Amino acid sequence: MNYDTDLMHFAEDPAGQKGAVVPPISQNSLFTFESWDAIDEAFQKPADSYIYSRGINPTVEIAERKIAQLAGGERARLFASGMGAISSAILHYVKQGDHIVTVKNVYGPTSNFLGKYLPEKCGITTTFVEGNSIEDFEQAITEKTKLIYLESPSSVVFSLQDIQAVTSLAKSKGIHTVIDNTWATPIFQRPLELGIDLEVHSVSKYLGGHSDIVSGVIIGKAEDIRSIILTEHALLGAKMAPYEAWLLIRSLRTLTLRMEKHQSNAMAVAEWLEAHPQVGLVMHPALPSSSQHELYKKQMTGGSGLFAFNLKETELPKIKAFVNACSLFQIGVSWGGHESLIYAPAISLAKEIPPERFCDLGIELGTIRLSVGLENPQDLIADLSQAFAAMNS
Ligand SMILES: *Cc1c(COP(=O)(O)O)cnc(C)c1O
């Protein structure tokens, strides 16, 4: 079946549940057995048996099987958050003394995990590279490099890495690869088919899509996922709850439709902004003006609704006035839900580095991030238009 059909029906069994068209929530912590031998047998296959819901739970399993099918992976494991999935995927491939290469605009908490937590607690070091060219990775690799961690498009500036080129380089040196594919979803980018070992997502964004779930997922080969289930997942314990999995099964049914609408809405808003006299650079790889548009066309089939633009305005009170004047675009972190959001990366960045160093990360004081939701695009543009008027008044 095509994946849009699979998102409706794959891994579901209405006949096994009296015809109920939506699966039940298996809200149980444990499973009981008929006998000593029956539970003994279950323990022979702990990554595949219903024993205890930190391990395998029927509702979570339906969502995992759907996501694996969607991404073209053999198996998926859901986690309590995107960071639960990301930290586990990274730990799966490294041990004390190993080295990792990643991109400098990687998601903030991932950057802290790699750049601060792992070196201090585990003696695992990371080199952060620009990532726009394959030479960046070649130069950073040492004999100790065991993992290249990608995020394409990256956070805040939405720059791309050539996934195919990186996986060929990594394979030639026996290095594993992980990618954060939250932005594109498997609908618009299929990293496992480009040779990536593990694909991770913050399910809290588009896969959940309704701003009512915090969750994460790792997708990959069955052998890798089985090992993660028995080690990083079981021991660190960042497990997905059955109710969240049930909401996710609901969300996945509309993923294809939602992504198409996020894409068309985002393009309408981004093109309107590009033509606005008070806007500088608009950072969305699907725009033909993007310096990486060729790479975008090579490895992606669409673009989602999160992007950034620079206001030409440089005075903080005016920039604040613009953000505060938006009303349909609500102020908030996170993204990928039905609702449109506005955020200025400078707000959180200023807590970590002085504004003079924002340019190191490609950010300005007036860089504005939009998560374009599922509203009518005319209404979204009208909201931004009145915010410009308010800023100028
Ligand atoms: C939000 C986000 C995460 C973290 O996911 P949580 O579900 O919040 O833990 C990871 N990567 C990217 C790109 C994100 O935007």
# chains A, B, ... in the order shown; residues from 1 in each chain; ligands from 1
call {"tool": "residues_around", "arguments": {"residues": "Gly108 of chain A", "least_positions_apart": "2", "cutoff": "12 Å", "atoms": "only C-alpha atoms", "output": "PyMOL selection string"}}
result
chain A and resi 83+103-106+110-116+151+154-156+345+348-349+352+361
call {"tool": "write_last_selection", "arguments": {"atoms": "N, CA and C atoms", "output": "CSV table (one decimal), in the first residue's frame"}}
result
chain,number,residue,atom,x,y,z
A,83,MET,N,13.7,14.5,23.1
A,83,MET,CA,15.1,14.4,23.7
A,83,MET,C,15.3,13.0,24.2
A,103,VAL,N,26.3,19.3,13.4
A,103,VAL,CA,26.3,20.7,12.8
A,103,VAL,C,26.1,21.7,13.9
A,104,LYS,N,26.6,22.9,13.7
A,104,LYS,CA,26.6,23.9,14.8
A,104,LYS,C,25.2,24.4,15.1
A,105,ASN,N,24.3,24.4,14.0
A,105,ASN,CA,22.9,24.8,14.3
A,105,ASN,C,22.0,23.7,14.7
A,106,VAL,N,22.5,22.7,15.3
A,106,VAL,CA,21.7,21.6,15.8
A,106,VAL,C,20.8,22.1,16.9
A,110,THR,N,19.9,19.3,22.1
A,110,THR,CA,20.8,18.3,21.5
A,110,THR,C,22.3,18.9,21.6
A,111,SER,N,22.4,20.2,21.2
A,111,SER,CA,23.7,20.8,21.3
A,111,SER,C,24.3,20.7,22.7
A,112,ASN,N,23.5,21.0,23.7
A,112,ASN,CA,23.9,20.9,25.1
A,112,ASN,C,24.3,19.5,25.5
A,113,PHE,N,23.5,18.5,25.1
A,113,PHE,CA,23.8,17.1,25.4
A,113,PHE,C,25.1,16.7,24.8
A,114,LEU,N,25.4,17.1,23.5
A,114,LEU,CA,26.6,16.7,22.9
A,114,LEU,C,27.8,17.6,23.3
A,115,GLY,N,27.6,18.9,23.5
A,115,GLY,CA,28.7,19.8,23.8
A,115,GLY,C,29.0,19.9,25.2
A,116,LYS,N,28.1,19.7,26.2
A,116,LYS,CA,28.4,19.8,27.6
A,116,LYS,C,28.2,18.5,28.4
A,151,GLU,N,21.1,17.2,11.4
A,151,GLU,CA,19.8,17.7,11.5
A,151,GLU,C,19.6,18.6,10.3
A,154,SER,N,18.5,22.3,9.6
A,154,SER,CA,18.9,22.5,11.0
A,154,SER,C,18.0,23.5,11.6
A,155,SER,N,18.1,23.7,12.9
A,155,SER,CA,17.3,24.6,13.7
A,155,SER,C,17.6,26.0,13.4
A,156,VAL,N,16.7,26.9,13.5
A,156,VAL,CA,16.8,28.4,13.5
A,156,VAL,C,17.1,28.9,12.1
A,345,PRO,N,14.3,33.9,18.1
A,345,PRO,CA,15.4,33.1,18.6
A,345,PRO,C,16.2,33.9,19.6
A,348,SER,N,15.8,33.3,23.6
A,348,SER,CA,16.5,32.3,24.4
A,348,SER,C,18.0,32.3,24.2
A,349,LEU,N,18.4,32.8,23.0
A,349,LEU,CA,19.8,32.8,22.7
A,349,LEU,C,20.5,33.8,23.6
A,352,GLU,N,22.3,32.7,26.6
A,352,GLU,CA,23.5,31.9,26.5
A,352,GLU,C,24.7,32.6,25.9
A,361,LEU,N,25.9,32.2,14.7
A,361,LEU,CA,24.9,31.2,14.4
A,361,LEU,C,23.9,31.6,13.3
call {"tool": "residues_near_ligand", "arguments": {"ligand": "ligand 1", "cutoff": "7 Å", "atoms": "only C-alpha atoms and all ligand atoms", "output": "PyMOL selection string"}}
result
chain A and resi 81-84+107+155+180+182-183+201-205+214-216+334
call {"tool": "residues_around", "arguments": {"residues": "Asn376 of chain A", "least_positions_apart": "5", "cutoff": "12 Å", "atoms": "only C-alpha atoms", "output": "PyMOL selection string"}}
result
chain A and resi 261-262+264-266+268-269+328+338-340+381-383
call {"tool": "residues_around", "arguments": {"residues": "Val157 of chain A", "least_positions_apart": "2", "cutoff": "10 Å", "atoms": "only C-alpha atoms", "output": "list in words"}}
result
Asn105, Val106, Pro153, Ser154, Ser155, Ser159, Leu160, Val282, Met283, His284, Pro285, Phe307, Ala308, Phe309, Leu361, Gly362, Ile363, Thr367 and Arg369 of chain A
call {"tool": "write_last_selection", "arguments": {"atoms": "C-alpha atoms", "output": "compact mmCIF listing (two decimals), in the first residue's frame"}}
result
# COMPACT_ATOMS: atom_id res chain seq x y z
CA ASN A 105 22.91 24.83 14.28
CA VAL A 106 21.68 21.57 15.81
CA PRO A 153 17.20 21.34 7.79
CA SER A 154 18.91 22.54 10.96
CA SER A 155 17.26 24.58 13.69
CA SER A 159 20.43 24.95 6.44
CA LEU A 160 20.77 21.56 4.74
CA VAL A 282 13.72 34.65 4.35
CA MET A 283 15.16 31.29 5.42
CA HIS A 284 13.16 28.40 3.93
CA PRO A 285 14.95 25.84 1.73
CA PHE A 307 10.92 28.99 8.81
CA ALA A 308 12.60 32.24 9.79
CA PHE A 309 13.02 35.70 8.34
CA LEU A 361 24.86 31.19 14.43
CA GLY A 362 23.44 33.15 11.50
CA ILE A 363 20.94 35.00 13.68
CA THR A 367 15.31 37.17 13.25
CA ARG A 369 10.67 32.32 13.48
call {"tool": "atom_distance", "arguments": {"atom1": "atom CA of Asp360 of chain A", "atom2": "atom CA of Ser291 of chain A"}}
result
18.1 Å
call {"tool": "closest_residue", "arguments": {"among": "A:Thr314, A:Thr59, A:Gln161, A:Ser327", "to": "Val129 of chain A", "atoms": "only C-alpha atoms"}}
result
A:Gln161
call {"tool": "select_by_dssp", "arguments": {"residues": "segment 192-315 of chain A", "states": "strand (DSSP E)", "output": "VMD selection string"}}
result
chain A and resid 198 to 202 216 to 220 279 to 283 306 to 311
call {"tool": "closest_residue", "arguments": {"among": "A:Ser87, A:Asn392, A:Ser35, A:Asn2", "to": "Gln69 of chain A", "atoms": "only C-alpha atoms"}}
result
A:Asn2
call {"tool": "closest_residue", "arguments": {"among": "A:Gln378, A:Asn310, A:Thr254, A:Ser371", "to": "Leu7 of chain A", "atoms": "only C-alpha atoms"}}
result
A:Thr254
call {"tool": "decode", "arguments": {"residues": "segment 3-19 of chain A", "atoms": "all heavy atoms", "output": "tab-separated table (two decimals), in the first residue's frame"}}
result
chain	number	residue	atom	x	y	z
A	3	TYR	N	1.90	5.00	1.49
A	3	TYR	CA	1.96	5.31	2.92
A	3	TYR	C	0.72	6.05	3.43
A	3	TYR	O	0.36	5.92	4.58
A	3	TYR	CB	3.26	6.03	3.30
A	3	TYR	CG	3.48	7.38	2.68
A	3	TYR	CD1	2.70	8.46	3.04
A	3	TYR	CD2	4.49	7.58	1.75
A	3	TYR	CE1	2.90	9.70	2.46
A	3	TYR	CE2	4.71	8.82	1.18
A	3	TYR	CZ	3.91	9.87	1.53
A	3	TYR	OH	4.11	11.09	0.96
A	4	ASP	N	0.04	6.81	2.55
A	4	ASP	CA	-1.16	7.50	3.05
A	4	ASP	C	-2.27	6.51	3.41
A	4	ASP	O	-3.04	6.73	4.33
A	4	ASP	CB	-1.63	8.62	2.10
A	4	ASP	CG	-1.58	8.25	0.64
A	4	ASP	OD1	-1.11	7.14	0.31
A	4	ASP	OD2	-2.01	9.06	-0.19
A	5	THR	N	-2.30	5.39	2.68
A	5	THR	CA	-3.26	4.33	3.03
A	5	THR	C	-2.83	3.63	4.32
A	5	THR	O	-3.64	3.38	5.21
A	5	THR	CB	-3.37	3.31	1.87
A	5	THR	OG1	-3.69	4.01	0.68
A	5	THR	CG2	-4.44	2.26	2.15
A	6	ASP	N	-1.52	3.34	4.40
A	6	ASP	CA	-0.99	2.68	5.60
A	6	ASP	C	-1.25	3.50	6.86
A	6	ASP	O	-1.48	2.95	7.94
A	6	ASP	CB	0.52	2.44	5.46
A	6	ASP	CG	0.81	1.20	4.62
A	6	ASP	OD1	-0.07	0.32	4.55
A	6	ASP	OD2	1.92	1.11	4.06
A	7	LEU	N	-1.19	4.83	6.73
A	7	LEU	CA	-1.41	5.67	7.92
A	7	LEU	C	-2.83	5.48	8.47
A	7	LEU	O	-3.09	5.69	9.65
A	7	LEU	CB	-1.15	7.14	7.59
A	7	LEU	CG	0.34	7.50	7.43
A	7	LEU	CD1	0.50	8.91	6.89
A	7	LEU	CD2	1.09	7.35	8.75
A	8	MET	N	-3.77	5.06	7.61
A	8	MET	CA	-5.13	4.79	8.07
A	8	MET	C	-5.24	3.41	8.72
A	8	MET	O	-5.85	3.27	9.76
A	8	MET	CB	-6.13	4.82	6.90
A	8	MET	CG	-6.16	6.10	6.11
A	8	MET	SD	-6.48	7.53	7.12
A	8	MET	CE	-5.46	8.71	6.25
A	9	HIS	N	-4.67	2.39	8.06
A	9	HIS	CA	-5.04	1.02	8.43
A	9	HIS	C	-3.92	0.12	8.95
A	9	HIS	O	-4.21	-0.85	9.64
A	9	HIS	CB	-5.68	0.33	7.21
A	9	HIS	CG	-6.82	1.10	6.63
A	9	HIS	ND1	-7.98	1.33	7.34
A	9	HIS	CD2	-6.97	1.73	5.44
A	9	HIS	CE1	-8.81	2.05	6.59
A	9	HIS	NE2	-8.22	2.31	5.44
A	10	PHE	N	-2.68	0.42	8.60
A	10	PHE	CA	-1.59	-0.51	8.91
A	10	PHE	C	-1.50	-0.78	10.41
A	10	PHE	O	-1.64	0.14	11.22
A	10	PHE	CB	-0.26	0.05	8.38
A	10	PHE	CG	0.88	-0.91	8.51
A	10	PHE	CD1	1.03	-1.98	7.62
A	10	PHE	CD2	1.81	-0.77	9.53
A	10	PHE	CE1	2.09	-2.87	7.75
A	10	PHE	CE2	2.87	-1.66	9.67
A	10	PHE	CZ	3.00	-2.71	8.77
A	11	ALA	N	-1.27	-2.05	10.77
A	11	ALA	CA	-1.07	-2.49	12.16
A	11	ALA	C	-2.33	-2.43	13.00
A	11	ALA	O	-2.28	-2.57	14.22
A	11	ALA	CB	0.05	-1.70	12.84
A	12	GLU	N	-3.49	-2.21	12.36
A	12	GLU	CA	-4.74	-2.18	13.13
A	12	GLU	C	-5.57	-3.43	12.83
A	12	GLU	O	-5.42	-4.02	11.76
A	12	GLU	CB	-5.52	-0.90	12.79
A	12	GLU	CG	-4.80	0.33	13.28
A	12	GLU	CD	-5.60	1.60	13.12
A	12	GLU	OE1	-6.75	1.63	13.58
A	12	GLU	OE2	-5.09	2.54	12.51
A	13	ASP	N	-6.44	-3.80	13.76
A	13	ASP	CA	-7.18	-5.05	13.63
A	13	ASP	C	-8.59	-4.88	14.23
A	13	ASP	O	-8.88	-5.37	15.32
A	13	ASP	CB	-6.40	-6.15	14.37
A	13	ASP	CG	-7.17	-7.46	14.43
A	13	ASP	OD1	-8.01	-7.71	13.52
A	13	ASP	OD2	-6.97	-8.23	15.38
A	14	PRO	N	-9.48	-4.18	13.50
A	14	PRO	CA	-10.84	-3.97	14.05
A	14	PRO	C	-11.53	-5.29	14.40
A	14	PRO	O	-12.22	-5.38	15.41
A	14	PRO	CB	-11.58	-3.23	12.93
A	14	PRO	CG	-10.50	-2.62	12.09
A	14	PRO	CD	-9.31	-3.52	12.19
A	15	ALA	N	-11.32	-6.33	13.56
A	15	ALA	CA	-12.01	-7.61	13.81
A	15	ALA	C	-11.62	-8.17	15.17
A	15	ALA	O	-12.45	-8.79	15.85
A	15	ALA	CB	-11.65	-8.60	12.71
A	16	GLY	N	-10.38	-7.95	15.58
A	16	GLY	CA	-9.90	-8.46	16.87
A	16	GLY	C	-10.41	-7.67	18.06
A	16	GLY	O	-10.10	-7.98	19.21
A	17	GLN	N	-11.16	-6.59	17.79
A	17	GLN	CA	-11.68	-5.76	18.89
A	17	GLN	C	-13.16	-5.47	18.68
A	17	GLN	O	-13.59	-4.32	18.76
A	17	GLN	CB	-10.82	-4.49	19.03
A	17	GLN	CG	-10.69	-3.72	17.73
A	17	GLN	CD	-9.49	-2.80	17.63
A	17	GLN	OE1	-8.43	-3.07	18.17
A	17	GLN	NE2	-9.67	-1.69	16.93
A	18	LYS	N	-13.91	-6.54	18.33
A	18	LYS	CA	-15.37	-6.46	18.15
A	18	LYS	C	-15.78	-5.44	17.09
A	18	LYS	O	-16.85	-4.84	17.16
A	18	LYS	CB	-16.07	-6.15	19.48
A	18	LYS	CG	-15.83	-7.21	20.56
A	18	LYS	CD	-16.70	-6.98	21.76
A	18	LYS	CE	-16.75	-8.16	22.70
A	18	LYS	NZ	-15.44	-8.59	23.23
A	19	GLY	N	-14.90	-5.18	16.11
A	19	GLY	CA	-15.24	-4.26	15.03
A	19	GLY	C	-15.01	-2.79	15.34
A	19	GLY	O	-15.18	-1.94	14.47
